[in-house]
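What follows is one structure encoded as structure tokens, with my remarks underneath.
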Amino acid sequence: MRDKAKEVKLWIKIVCLLCLISTSIGCMGARETDQLAFVLAIGFDKADNNQQEVTITIANTLAFSSTGGSGGQDAPSYETVSVKAPSAWETGSLFNSFNSRELAYMHTKLFVIGEETAKDGIEKYLTAISRFREARGNSSLYICKGKAKDFLMNNKPVLETSPAKQIELIENTSKIIGYFPVTTVNDILKTLKNLHSSPIAGLVGIHKTGEDEQVEKLLRETTDPLQEPYYAGVVPRTGGNKAEFIGTAVFNDDKMVGILSGSETRTMLLLQGDLTSSMYNIRDPKYDNFNIAVNLRQARKPEIRINREADGVKIEETVFLEGEFIAIESGEDYEGVEAKRQLEQTFSREVEKQARELIAKTKEENYGDIFQYDRYYRKELRTWEEWKNLNWKEIYDEAEINVICKTNIRRPGLLRQTLPILRTEKK
Amino acid sequence: MNWWKELKQTLTYKPNSDREGFVLKETPKERAMLKKDRQVETDQPEDSNAAKEEAAKPQPKNRSRLKRPERVTGREGSKQKQTKTEEKKKEPSSAKEDRNFGQKHENTTTDLRKPLKIYQAQEDQDPDQVSPYLEVNQKRIEEIYDIPNNKDFIIREFTIAVVPPVKAFAIFMEGMSDKASINTYVLQPLMLFSNFQPTVDGYLIDHIERRVLIGNQVNVHHKFEQIVAGVNFGSTAVFVEGCDQALLVETKGWEHRGIFYPVNEQVIRGPQEAFNETLRTNTGLIRKQIRSAKLTTEMVKVGETTHRDVAIMYLRDVVNPKLLKEVKRRIESLQVDGIVDSGILEQYLEERPWNIAPQVMATERPDRVAFHILRGKIAILLDGSPYALVVPTTMFDQLHTMDDYFLRPLYGTFLRLIRTVAFYISFLTPGIYLSIVLFHKEMVPTELLLAIAGAREKVPFPSLVEVIIMEVSFELIREAGLRVPGAVGNTIGIVGALILGQAAVEANIVSPILIIVVAVTGLSSFAVPYYSLQFSLRIIRFAYIFLGAALGFVGIIFGLFVQMHMLSSLKSFGVPYLAPMSPTTDSTGDVVLRKPVFSWEKRPDYLNTQQEQFQPNIARGWVKESSKRKRKS
């Protein structure tokens, strides 16, 4: 009988546990997919009267259902709305005055901050995003040339059904071309809180048809094919999605101070060691009206040596590029060993020149260290106190920075040797 | 606890004699009466008055009376109180007696006794012994088999053509005996050819056995118990006037299925034969694979009424003697009326009937049984069942097929890895789908989540209900497909799947993504080779569905934790169910991956076999010494 009583007790315990489990239902954390509105992108802007304007892009899941029926594929796949409120976080509550579903930020791919807002400081946004459980620290954060609202409202991806995929894919092109850096919330926060160097963020913008004269000016100024002076909003083009991803926003602490153009961004990435690959165009050393295109990738991480000398800090950086020919317009035989060596050297000098110019620009415009050289300086110090009190910007501004580029064009592409055309008319 | 009492009342059985006609459980009064009844039977001579009184009372028509043990040969009263164990002990000794019977017989016949009258003989005769009087024997046989009513048993009376002629009769069972052999090997020699020899040498019964009957198995018995057992199994018993023994001639022959393809355990490569319902054929099929004198087949009779043979097969120089002892102990201890199939035998043998995992492996493939016997396991075959039981078994055995072994190691490993994936998919997928959709939406790529959400958009049910609808209908298709008779059976699966899948999606009852989830789960569960294991996974799947829906991944992990403990605490005939993984024992690389055949050097460590070595370290004699790979040691 005792055994039986024990058994009954055991069963009672089991039933109680099951009841507990079934009533707790995961602390009421379960949400059906049709209870939620998935926010794909958020934009933060400053509005008048100390107000904040928040723009969000919500996925319309109905457009993704494969079964037809009424209003299936015809519906737009996303919707962009914006709300004004005294604080950015209050807008979230206001959204539900006209939006039937609970906002879910777990798939937010993109945070955009307007230029004006960024100039006032972005720390409050960064910390809020990092603290919030649903938002992901590894989503991208970009600075918009102009207003974030305009960017999100006008961003209409042509090839993709949703901005989420557009952002995923366009970030991949950054690895191929390197005209804008992919910056996540975590990256920026890390630089901001850990390092003395200046945080950077990718620059996005809406193509403006009205600013033609600026584009014209840039076009006129550009003579060197290695230069790519464009930034988001002023790319000389016609048609396509209005959103542009090119250039870099530079911060001092959490305030935006300036922008870098496409080619400057590429050089910056190269010096940081984050450039995966890029297409370089240089003028043919022998023919002025012909170009040579090479596809180069960073062969290995750059070697950075920091020497503390009596007359200041000396930074020596060596970057390595390797790659292949894409085009030799002139038809000159650059595949030969000697010709290729000469070309490589010419090219290296050009890259070094660009690097020098960029470093000079950061010093002139008071951007500070955007290459994160202080990571290498850190091992010269012993304590966190020393690090905290370090005036890195001053050191950087006075430092002598020397960049050496080593290029190795390994492969000629599918044409192994350029031969002259068998012309009928003799020279 | 009033409600508790009421609940209990609704659940407990109350006899309703108007409807049922009999009472399921004896009342205390009846029990007392029965006890008295039995006492009276034993003390009958002293207390005959009481017995008469009892007899005068109306007989209780209850179940206990019906269930009273009835021995085949027992006449009421004489030996009824003998317990089962005593009988067990007696059997070998009686066999010995039987063997020495001839000798004894010679001794006893030195002083001849006066022949008795039939009625006298009948009175004195021990009902279990064959009487020298033919008439007594015939009466006894008729009594045992209830002959005029029982049409299956046929008594053929005849005269043996010796000088002088001797009366005799034969009894055999219609249906299990071969008529042609009875005619040619029993009746013909006895009635026609028995007068080839002019004189009878020695005793008549020996003469008949040695000179007349030409059947290949002829035994002499003097106990009805053995004779009846033989006749029940298709032999023909011949009783001869004046002999207190009977001849049992083997004339078995019944309709049976031939050896057919394995239906439920098909392989592409390998033997294509399966067991059938005849025990001897089955043991023969195994012996065909292992032609060794070391292979022992022991026979145990199981079932008080059915008397079915259970064969225990093992390699006696390999098998662990303790394991063998345990298997025999379990089978011999069974006190059941009858076992119809090895599926029932399996349930009698396994130690944890409520654990969800099967602890005995059944197979219809002789090659598989032979393979396991070679590794030191024991096969149990029940007569009349086309499945052999292999003990002990581990979960990994149940996840293997013979294809894995018959194909080259890389192919076999590939098959096993596929099956490993299928194993997990078959019980986890719906649960994981639910926990992702309900709790962990950040886990899937955005596009996939939007696709899932889009598909769910028009479905009016919560996702848990949706999953349960689909899972239950899938189980319905599965069950119905199995039960639908013959020709329709194949189509019902396809029709059911099409209708359910297509129409349910079009009616917005379930989402198309879920159809994929359920279909993949169903497919995977079919990829698990052992049917009982499939079943356990199918049931567990529902537990994971609820856990996933209630607690998300935390619930799934809880479930896995509990399931793992359940499995690792399980033992099959003393062998841990998850061996050789947990506890980790030495293995020959034949668990998840499959090493090449020449590296199976040891038998499974967890079996503790007498011979550890399966084959020498270098099994391929032709490999040159110089080309051998150096062993790390």
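Scheme for the structure tokens: letters A, B, ... for chains in order shown; per-chain residue numbers from 1; ligand numbers from 1 in order shown.
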Identify every residue of chain A that has at least one atom within 7 Å of any atom of chain B, counting only C-alpha atoms, and report the result as a PDB file with N, CA and C atoms, in the first residue's frame.
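The file below, out.pdb, is the result:
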ATOM      1  N   SER A  22       2.504  23.542 -19.212  1.00  0.00           N
ATOM      2  CA  SER A  22       1.535  23.944 -20.225  1.00  0.00           C
ATOM      3  C   SER A  22       0.955  25.319 -19.927  1.00  0.00           C
ATOM      4  N   ILE A  25       3.676  28.290 -20.838  1.00  0.00           N
ATOM      5  CA  ILE A  25       3.791  28.510 -22.284  1.00  0.00           C
ATOM      6  C   ILE A  25       4.929  29.465 -22.616  1.00  0.00           C
ATOM      7  N   GLY A  26       6.098  29.107 -22.124  1.00  0.00           N
ATOM      8  CA  GLY A  26       7.254  29.891 -22.493  1.00  0.00           C
ATOM      9  C   GLY A  26       7.137  31.332 -22.036  1.00  0.00           C
ATOM     10  N   GLY A  29       5.838  34.087 -24.216  1.00  0.00           N
ATOM     11  CA  GLY A  29       6.710  34.691 -25.227  1.00  0.00           C
ATOM     12  C   GLY A  29       6.371  34.260 -26.630  1.00  0.00           C
ATOM     13  N   ALA A  30       5.448  33.332 -26.743  1.00  0.00           N
ATOM     14  CA  ALA A  30       5.143  32.827 -28.084  1.00  0.00           C
ATOM     15  C   ALA A  30       4.352  33.867 -28.868  1.00  0.00           C
ATOM     16  N   ARG A  31       4.751  34.084 -30.103  1.00  0.00           N
ATOM     17  CA  ARG A  31       4.009  34.972 -30.989  1.00  0.00           C
ATOM     18  C   ARG A  31       3.820  34.262 -32.318  1.00  0.00           C
ATOM     19  N   GLU A  32       2.599  34.225 -32.763  1.00  0.00           N
ATOM     20  CA  GLU A  32       2.373  33.682 -34.102  1.00  0.00           C
ATOM     21  C   GLU A  32       2.937  34.662 -35.124  1.00  0.00           C
ATOM     22  N   THR A  33       3.293  34.133 -36.277  1.00  0.00           N
ATOM     23  CA  THR A  33       3.887  35.033 -37.273  1.00  0.00           C
ATOM     24  C   THR A  33       2.883  36.075 -37.754  1.00  0.00           C
ATOM     25  N   ASP A  34       1.576  35.749 -37.711  1.00  0.00           N
ATOM     26  CA  ASP A  34       0.619  36.740 -38.197  1.00  0.00           C
ATOM     27  C   ASP A  34       0.198  37.741 -37.120  1.00  0.00           C
ATOM     28  N   THR A  61       3.846  40.580 -45.336  1.00  0.00           N
ATOM     29  CA  THR A  61       4.042  39.136 -45.515  1.00  0.00           C
ATOM     30  C   THR A  61       3.075  38.542 -46.525  1.00  0.00           C
ATOM     31  N   LEU A  62       1.956  39.193 -46.702  1.00  0.00           N
ATOM     32  CA  LEU A  62       0.966  38.674 -47.647  1.00  0.00           C
ATOM     33  C   LEU A  62       1.552  38.545 -49.041  1.00  0.00           C
ATOM     34  N   ALA A  63       2.481  39.462 -49.361  1.00  0.00           N
ATOM     35  CA  ALA A  63       3.076  39.433 -50.695  1.00  0.00           C
ATOM     36  C   ALA A  63       3.996  38.242 -50.872  1.00  0.00           C
ATOM     37  N   PHE A  64       4.370  37.611 -49.755  1.00  0.00           N
ATOM     38  CA  PHE A  64       5.314  36.501 -49.860  1.00  0.00           C
ATOM     39  C   PHE A  64       4.630  35.150 -49.902  1.00  0.00           C
ATOM     40  N   SER A  65       3.281  35.154 -49.792  1.00  0.00           N
ATOM     41  CA  SER A  65       2.602  33.860 -49.803  1.00  0.00           C
ATOM     42  C   SER A  65       2.580  33.311 -51.215  1.00  0.00           C
ATOM     43  N   SER A  66       2.889  32.056 -51.333  1.00  0.00           N
ATOM     44  CA  SER A  66       3.026  31.472 -52.664  1.00  0.00           C
ATOM     45  C   SER A  66       1.662  31.164 -53.275  1.00  0.00           C
ATOM     46  N   MET A 106      13.355  41.866 -34.771  1.00  0.00           N
ATOM     47  CA  MET A 106      14.399  40.837 -34.816  1.00  0.00           C
ATOM     48  C   MET A 106      14.975  40.652 -36.210  1.00  0.00           C
ATOM     49  N   HIS A 107      14.271  41.122 -37.221  1.00  0.00           N
ATOM     50  CA  HIS A 107      14.826  41.005 -38.569  1.00  0.00           C
ATOM     51  C   HIS A 107      15.135  42.362 -39.180  1.00  0.00           C
TER      52      HIS A 107
END
Strand (DSSP E or B) positions in range 158-309 of chain A, given as a ChimeraX atom specification: /A:184,200-206,243-252,255-260,277-283,291-298,303-309
Got time to write the residues from that selection, N, CA and C atoms, as a CSV table (one decimal), in the first residue's frame?
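Saved to out32.csv:
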chain,number,residue,atom,x,y,z
A,184,THR,N,28.5,47.7,-38.9
A,184,THR,CA,27.4,47.2,-38.1
A,184,THR,C,27.4,48.1,-36.8
A,200,ILE,N,33.8,55.1,-38.2
A,200,ILE,CA,33.3,55.4,-39.6
A,200,ILE,C,32.0,54.7,-39.8
A,201,ALA,N,31.2,55.1,-40.7
A,201,ALA,CA,30.0,54.4,-41.1
A,201,ALA,C,29.8,54.5,-42.6
A,202,GLY,N,29.2,53.5,-43.2
A,202,GLY,CA,28.9,53.6,-44.6
A,202,GLY,C,28.0,54.8,-44.9
A,203,LEU,N,28.1,55.3,-46.1
A,203,LEU,CA,27.3,56.4,-46.5
A,203,LEU,C,26.3,56.0,-47.5
A,204,VAL,N,25.0,56.4,-47.3
A,204,VAL,CA,24.0,56.0,-48.3
A,204,VAL,C,23.3,57.3,-48.6
A,205,GLY,N,22.6,57.3,-49.7
A,205,GLY,CA,21.9,58.5,-50.1
A,205,GLY,C,20.9,58.3,-51.2
A,206,ILE,N,20.1,59.3,-51.5
A,206,ILE,CA,19.2,59.2,-52.6
A,206,ILE,C,19.7,60.0,-53.8
A,243,ALA,N,18.3,54.7,-54.4
A,243,ALA,CA,19.2,54.6,-53.2
A,243,ALA,C,20.6,54.2,-53.7
A,244,GLU,N,21.5,54.9,-53.1
A,244,GLU,CA,22.9,54.7,-53.5
A,244,GLU,C,23.8,54.4,-52.2
A,245,PHE,N,24.7,53.5,-52.4
A,245,PHE,CA,25.5,53.1,-51.3
A,245,PHE,C,27.0,53.3,-51.7
A,246,ILE,N,27.5,54.5,-51.4
A,246,ILE,CA,28.9,54.7,-51.8
A,246,ILE,C,29.4,55.8,-50.8
A,247,GLY,N,30.7,55.7,-50.4
A,247,GLY,CA,31.3,56.6,-49.6
A,247,GLY,C,31.3,56.3,-48.1
A,248,THR,N,31.9,57.2,-47.3
A,248,THR,CA,32.0,56.9,-45.9
A,248,THR,C,31.7,58.2,-45.1
A,249,ALA,N,31.0,58.0,-44.0
A,249,ALA,CA,30.9,59.1,-43.0
A,249,ALA,C,31.9,59.0,-41.9
A,250,VAL,N,32.6,60.0,-41.6
A,250,VAL,CA,33.6,60.0,-40.6
A,250,VAL,C,33.1,60.7,-39.3
A,251,PHE,N,33.4,60.1,-38.2
A,251,PHE,CA,33.0,60.7,-36.9
A,251,PHE,C,34.1,61.1,-36.1
A,252,ASN,N,33.9,62.1,-35.3
A,252,ASN,CA,34.8,62.4,-34.2
A,252,ASN,C,34.0,62.1,-33.0
A,255,LYS,N,30.0,62.2,-33.2
A,255,LYS,CA,29.5,63.2,-34.1
A,255,LYS,C,30.1,63.2,-35.4
A,256,MET,N,29.3,63.2,-36.4
A,256,MET,CA,29.8,63.1,-37.8
A,256,MET,C,30.5,64.4,-38.2
A,257,VAL,N,31.7,64.3,-38.8
A,257,VAL,CA,32.4,65.5,-39.2
A,257,VAL,C,32.6,65.6,-40.7
A,258,GLY,N,32.6,64.5,-41.4
A,258,GLY,CA,32.8,64.7,-42.8
A,258,GLY,C,32.6,63.4,-43.5
A,259,ILE,N,32.8,63.5,-44.9
A,259,ILE,CA,32.5,62.3,-45.7
A,259,ILE,C,33.7,62.0,-46.6
A,260,LEU,N,33.9,60.7,-46.9
A,260,LEU,CA,34.9,60.3,-47.9
A,260,LEU,C,34.3,59.9,-49.2
A,277,SER,N,38.4,42.9,-52.2
A,277,SER,CA,39.0,43.0,-53.6
A,277,SER,C,38.4,44.3,-54.2
A,278,SER,N,39.1,44.7,-55.2
A,278,SER,CA,38.5,45.9,-55.9
A,278,SER,C,39.1,45.9,-57.3
A,279,MET,N,38.4,46.7,-58.2
A,279,MET,CA,38.8,46.9,-59.5
A,279,MET,C,39.5,48.2,-59.6
A,280,TYR,N,40.7,48.2,-60.0
A,280,TYR,CA,41.5,49.5,-60.2
A,280,TYR,C,41.7,49.8,-61.6
A,281,ASN,N,41.5,51.1,-62.0
A,281,ASN,CA,41.8,51.5,-63.3
A,281,ASN,C,42.9,52.5,-63.2
A,282,ILE,N,44.0,52.3,-64.0
A,282,ILE,CA,45.0,53.3,-64.0
A,282,ILE,C,45.3,53.6,-65.5
A,283,ARG,N,45.9,54.8,-65.6
A,283,ARG,CA,46.3,55.2,-66.9
A,283,ARG,C,47.5,54.4,-67.4
A,291,ASN,N,43.6,53.1,-70.9
A,291,ASN,CA,43.6,52.7,-69.5
A,291,ASN,C,43.9,51.2,-69.3
A,292,ILE,N,44.3,50.8,-68.1
A,292,ILE,CA,44.5,49.4,-67.8
A,292,ILE,C,43.7,49.1,-66.6
A,293,ALA,N,42.9,48.0,-66.7
A,293,ALA,CA,42.1,47.6,-65.5
A,293,ALA,C,42.6,46.4,-64.9
A,294,VAL,N,42.8,46.4,-63.6
A,294,VAL,CA,43.2,45.2,-62.9
A,294,VAL,C,42.3,45.0,-61.7
A,295,ASN,N,42.1,43.7,-61.5
A,295,ASN,CA,41.3,43.3,-60.3
A,295,ASN,C,42.2,42.8,-59.3
A,296,LEU,N,42.2,43.5,-58.1
A,296,LEU,CA,43.2,43.2,-57.1
A,296,LEU,C,42.5,42.9,-55.8
A,297,ARG,N,43.2,42.0,-55.1
A,297,ARG,CA,42.6,41.7,-53.8
A,297,ARG,C,43.8,41.9,-52.8
A,298,GLN,N,43.4,42.1,-51.5
A,298,GLN,CA,44.4,42.2,-50.5
A,298,GLN,C,45.0,40.9,-50.3
A,303,GLU,N,51.1,45.0,-43.0
A,303,GLU,CA,52.0,45.0,-41.9
A,303,GLU,C,52.2,46.4,-41.4
A,304,ILE,N,51.9,46.6,-40.1
A,304,ILE,CA,52.0,47.9,-39.5
A,304,ILE,C,53.0,47.9,-38.4
A,305,ARG,N,53.9,48.8,-38.5
A,305,ARG,CA,55.0,48.9,-37.5
A,305,ARG,C,54.9,50.3,-36.9
A,306,ILE,N,54.9,50.5,-35.6
A,306,ILE,CA,54.9,51.8,-35.0
A,306,ILE,C,56.1,52.0,-34.2
A,307,ASN,N,56.9,53.0,-34.5
A,307,ASN,CA,58.1,53.3,-33.8
A,307,ASN,C,58.0,54.6,-33.0
A,308,ARG,N,58.3,54.5,-31.7
A,308,ARG,CA,58.3,55.7,-31.0
A,308,ARG,C,59.7,56.3,-31.0
A,309,GLU,N,59.8,57.4,-31.6
A,309,GLU,CA,61.2,58.0,-31.7
A,309,GLU,C,61.1,59.3,-31.0
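Minimum atom-to-atom distance to Ser140 in chain A, evaluated using only C-alpha atoms, belongs to A:Glu168 out of A:Asp224, A:Asp374, A:Glu168, A:Glu264.
Using only C-alpha atoms, the protein and nucleic acid residues lying no more than 8 Å from Thr265 in chain A, apart from those fewer than 2 places from it along its own chain, are Gly178, Tyr179, Phe180, Pro181, Gly247, Thr248, Leu260, Ser261, Gly262, Ser263, Thr267, Met268 and Leu269 of chain A.
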Quick one: residues within 10 Å of range 399-406 of chain B, only C-alpha atoms counted, chain neighbours fewer than 2 positions away excluded, as JSON, numbers by chain? {"B": [265, 266, 267, 268, 269, 270, 271, 365, 367, 368, 371, 394, 395, 396, 397, 408, 409, 410, 411, 412, 413, 414, 415, 416, 419, 420, 423, 527, 528, 529, 530, 533, 534, 590, 591, 592, 593, 594, 595, 596, 597]}
I need the chosen residues saved as a compact mmCIF listing (two decimals), in the first residue's frame, with N, CA and C atoms.
# COMPACT_ATOMS: atom_id res chain seq x y z
N GLU B 265 11.88 -5.88 -44.73
CA GLU B 265 13.28 -5.49 -44.59
C GLU B 265 14.00 -5.75 -45.90
N GLN B 266 13.66 -4.98 -46.90
CA GLN B 266 14.24 -5.24 -48.20
C GLN B 266 15.64 -4.67 -48.28
N VAL B 267 16.48 -5.37 -49.00
CA VAL B 267 17.78 -4.81 -49.32
C VAL B 267 17.96 -4.93 -50.83
N ILE B 268 18.81 -4.06 -51.35
CA ILE B 268 19.11 -4.14 -52.78
C ILE B 268 20.11 -5.25 -53.00
N ARG B 269 21.15 -5.22 -52.17
CA ARG B 269 22.23 -6.17 -52.32
C ARG B 269 22.10 -7.18 -51.18
N GLY B 270 22.16 -8.46 -51.51
CA GLY B 270 22.12 -9.44 -50.44
C GLY B 270 21.06 -10.47 -50.67
N PRO B 271 21.02 -11.48 -49.82
CA PRO B 271 20.06 -12.58 -50.02
C PRO B 271 18.62 -12.09 -49.98
N ARG B 365 14.95 -11.59 -41.62
CA ARG B 365 16.04 -11.96 -42.52
C ARG B 365 16.97 -12.97 -41.86
N ASP B 367 19.85 -13.90 -42.88
CA ASP B 367 21.24 -13.43 -42.92
C ASP B 367 21.53 -12.48 -41.76
N ARG B 368 20.52 -11.71 -41.40
CA ARG B 368 20.71 -10.77 -40.30
C ARG B 368 20.85 -11.51 -38.98
N PHE B 371 24.20 -13.10 -38.85
CA PHE B 371 25.22 -12.10 -38.60
C PHE B 371 25.32 -11.79 -37.10
N THR B 394 20.85 -3.22 -29.30
CA THR B 394 21.08 -1.83 -28.95
C THR B 394 20.36 -0.95 -29.97
N MET B 395 20.26 0.32 -29.65
CA MET B 395 19.57 1.20 -30.57
C MET B 395 20.30 1.24 -31.91
N PHE B 396 21.60 1.10 -31.86
CA PHE B 396 22.35 1.22 -33.11
C PHE B 396 22.10 0.01 -34.00
N ASP B 397 21.93 -1.17 -33.37
CA ASP B 397 21.57 -2.34 -34.17
C ASP B 397 20.27 -2.08 -34.91
N ARG B 408 29.95 -1.57 -49.94
CA ARG B 408 31.32 -1.20 -49.58
C ARG B 408 31.29 -0.13 -48.47
N PRO B 409 32.38 -0.05 -47.68
CA PRO B 409 32.33 0.77 -46.46
C PRO B 409 31.88 2.20 -46.69
N LEU B 410 32.34 2.82 -47.77
CA LEU B 410 31.95 4.21 -47.99
C LEU B 410 30.46 4.32 -48.24
N TYR B 411 29.94 3.38 -49.03
CA TYR B 411 28.51 3.43 -49.33
C TYR B 411 27.71 3.16 -48.06
N GLY B 412 28.19 2.16 -47.31
CA GLY B 412 27.49 1.81 -46.07
C GLY B 412 27.48 2.98 -45.10
N THR B 413 28.63 3.66 -45.00
CA THR B 413 28.71 4.81 -44.11
C THR B 413 27.75 5.90 -44.58
N PHE B 414 27.71 6.10 -45.88
CA PHE B 414 26.81 7.12 -46.42
C PHE B 414 25.36 6.81 -46.05
N LEU B 415 24.99 5.54 -46.24
CA LEU B 415 23.62 5.14 -45.88
C LEU B 415 23.34 5.41 -44.42
N ARG B 416 24.33 5.10 -43.59
CA ARG B 416 24.12 5.28 -42.16
C ARG B 416 24.00 6.74 -41.79
N ARG B 419 20.68 7.91 -42.61
CA ARG B 419 19.72 7.39 -41.65
C ARG B 419 19.83 8.12 -40.31
N THR B 420 21.05 8.52 -39.97
CA THR B 420 21.22 9.29 -38.74
C THR B 420 20.43 10.59 -38.84
N PHE B 423 16.83 9.87 -38.60
CA PHE B 423 16.45 9.55 -37.22
C PHE B 423 16.08 10.81 -36.46
N ALA B 527 12.45 6.08 -43.20
CA ALA B 527 13.85 5.71 -43.43
C ALA B 527 14.47 5.02 -42.23
N VAL B 528 13.80 5.11 -41.09
CA VAL B 528 14.29 4.37 -39.91
C VAL B 528 13.92 2.90 -40.13
N PRO B 529 14.92 2.01 -40.13
CA PRO B 529 14.64 0.68 -40.65
C PRO B 529 13.80 -0.22 -39.75
N TYR B 530 13.88 -0.05 -38.44
CA TYR B 530 13.20 -1.01 -37.59
C TYR B 530 11.82 -0.49 -37.22
N LEU B 533 11.04 0.80 -33.71
CA LEU B 533 11.73 2.05 -33.43
C LEU B 533 11.01 3.21 -34.11
N GLN B 534 10.53 2.95 -35.34
CA GLN B 534 9.72 3.96 -36.05
C GLN B 534 8.56 4.38 -35.18
N ASP B 590 31.75 0.29 -35.88
CA ASP B 590 30.55 -0.14 -36.57
C ASP B 590 29.33 0.43 -35.85
N VAL B 591 29.35 1.73 -35.61
CA VAL B 591 28.24 2.32 -34.88
C VAL B 591 27.53 3.32 -35.78
N VAL B 592 28.17 4.47 -35.95
CA VAL B 592 27.58 5.46 -36.85
C VAL B 592 28.25 5.34 -38.21
N LEU B 593 29.55 5.24 -38.17
CA LEU B 593 30.27 5.01 -39.43
C LEU B 593 30.44 3.51 -39.58
N ARG B 594 30.90 3.09 -40.75
CA ARG B 594 31.17 1.67 -40.90
C ARG B 594 32.56 1.47 -41.45
N LYS B 595 33.39 0.86 -40.65
CA LYS B 595 34.76 0.63 -41.10
C LYS B 595 34.78 -0.54 -42.08
N PRO B 596 35.86 -0.67 -42.83
CA PRO B 596 35.93 -1.79 -43.78
C PRO B 596 35.84 -3.14 -43.07
N VAL B 597 35.41 -4.14 -43.79
CA VAL B 597 35.15 -5.44 -43.17
C VAL B 597 36.37 -6.05 -42.54
Residues near range 471-476 of chain B, cut-off 9 Å, only C-alpha atoms, skip fewer than 5 positions along chain, as a PDB file with N, CA and C atoms, in the first residue's frame:
ATOM      1  N   PRO B 430       8.865  18.704 -36.563  1.00  0.00           N
ATOM      2  CA  PRO B 430       7.680  19.534 -36.275  1.00  0.00           C
ATOM      3  C   PRO B 430       7.863  20.365 -35.011  1.00  0.00           C
ATOM      4  N   GLU B 466      -2.439  23.781 -36.339  1.00  0.00           N
ATOM      5  CA  GLU B 466      -2.130  23.455 -37.729  1.00  0.00           C
ATOM      6  C   GLU B 466      -1.232  22.214 -37.812  1.00  0.00           C
ATOM      7  N   GLY B 481      -3.853   3.364 -44.937  1.00  0.00           N
ATOM      8  CA  GLY B 481      -3.163   2.719 -46.047  1.00  0.00           C
ATOM      9  C   GLY B 481      -2.801   1.291 -45.721  1.00  0.00           C
ATOM     10  N   GLY B 496      -4.718   9.958 -50.597  1.00  0.00           N
ATOM     11  CA  GLY B 496      -4.838  10.665 -49.330  1.00  0.00           C
ATOM     12  C   GLY B 496      -3.858  11.814 -49.253  1.00  0.00           C
ATOM     13  N   ALA B 497      -2.606  11.536 -49.641  1.00  0.00           N
ATOM     14  CA  ALA B 497      -1.592  12.577 -49.554  1.00  0.00           C
ATOM     15  C   ALA B 497      -1.935  13.732 -50.478  1.00  0.00           C
ATOM     16  N   LEU B 500      -5.153  15.516 -49.193  1.00  0.00           N
ATOM     17  CA  LEU B 500      -4.894  16.260 -47.970  1.00  0.00           C
ATOM     18  C   LEU B 500      -3.957  17.423 -48.222  1.00  0.00           C
ATOM     19  N   VAL B 518       5.858  18.245 -42.627  1.00  0.00           N
ATOM     20  CA  VAL B 518       5.245  16.966 -42.280  1.00  0.00           C
ATOM     21  C   VAL B 518       5.696  15.878 -43.249  1.00  0.00           C
ATOM     22  N   ALA B 519       5.804  16.236 -44.516  1.00  0.00           N
ATOM     23  CA  ALA B 519       6.210  15.230 -45.504  1.00  0.00           C
ATOM     24  C   ALA B 519       7.631  14.762 -45.242  1.00  0.00           C
ATOM     25  N   GLY B 522       7.596  12.553 -42.279  1.00  0.00           N
ATOM     26  CA  GLY B 522       7.060  11.231 -42.597  1.00  0.00           C
ATOM     27  C   GLY B 522       8.060  10.387 -43.361  1.00  0.00           C
ATOM     28  N   ARG B 538       7.561   8.004 -33.734  1.00  0.00           N
ATOM     29  CA  ARG B 538       6.307   8.662 -34.108  1.00  0.00           C
ATOM     30  C   ARG B 538       5.569   9.183 -32.891  1.00  0.00           C
ATOM     31  N   PHE B 542       5.103  13.636 -31.090  1.00  0.00           N
ATOM     32  CA  PHE B 542       4.009  14.441 -30.552  1.00  0.00           C
ATOM     33  C   PHE B 542       4.429  15.130 -29.257  1.00  0.00           C
TER      34      PHE B 542
END
In range 525-628 of chain B, what's alpha helix (DSSP H) per DSSP? Answer as number ranges by chain? B: 525-527, 531-551, 553-568
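Relative to CA of Glu351 in chain B, CA of Leu570 in chain B is found at 8.9 Å.
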Could you produce a table of the residues of range 127-178 of chain B lying within 10 Å of range 230-236 of chain B, with the nearest pair of atoms per residue and their separation in Å rounded to one decimal, using only C-alpha atoms, ordered by chain and increasing residue number, as a tab-separated table?
residue	atom	partner	partner_atom	distance
B:Phe153	CA	B:Val231	CA	8.8
B:Ile154	CA	B:Thr236	CA	9.9
B:Ile155	CA	B:Thr236	CA	9.9
B:Ala170	CA	B:Thr236	CA	6.6
B:Ile171	CA	B:Thr236	CA	5.7
B:Phe172	CA	B:Thr236	CA	4.6
B:Met173	CA	B:Gly234	CA	6.0
B:Glu174	CA	B:Gly234	CA	8.1
B:Gly175	CA	B:Gly234	CA	7.9
B:Met176	CA	B:Gly234	CA	4.7
B:Ser177	CA	B:Gly234	CA	4.4
B:Asp178	CA	B:Gly234	CA	7.7
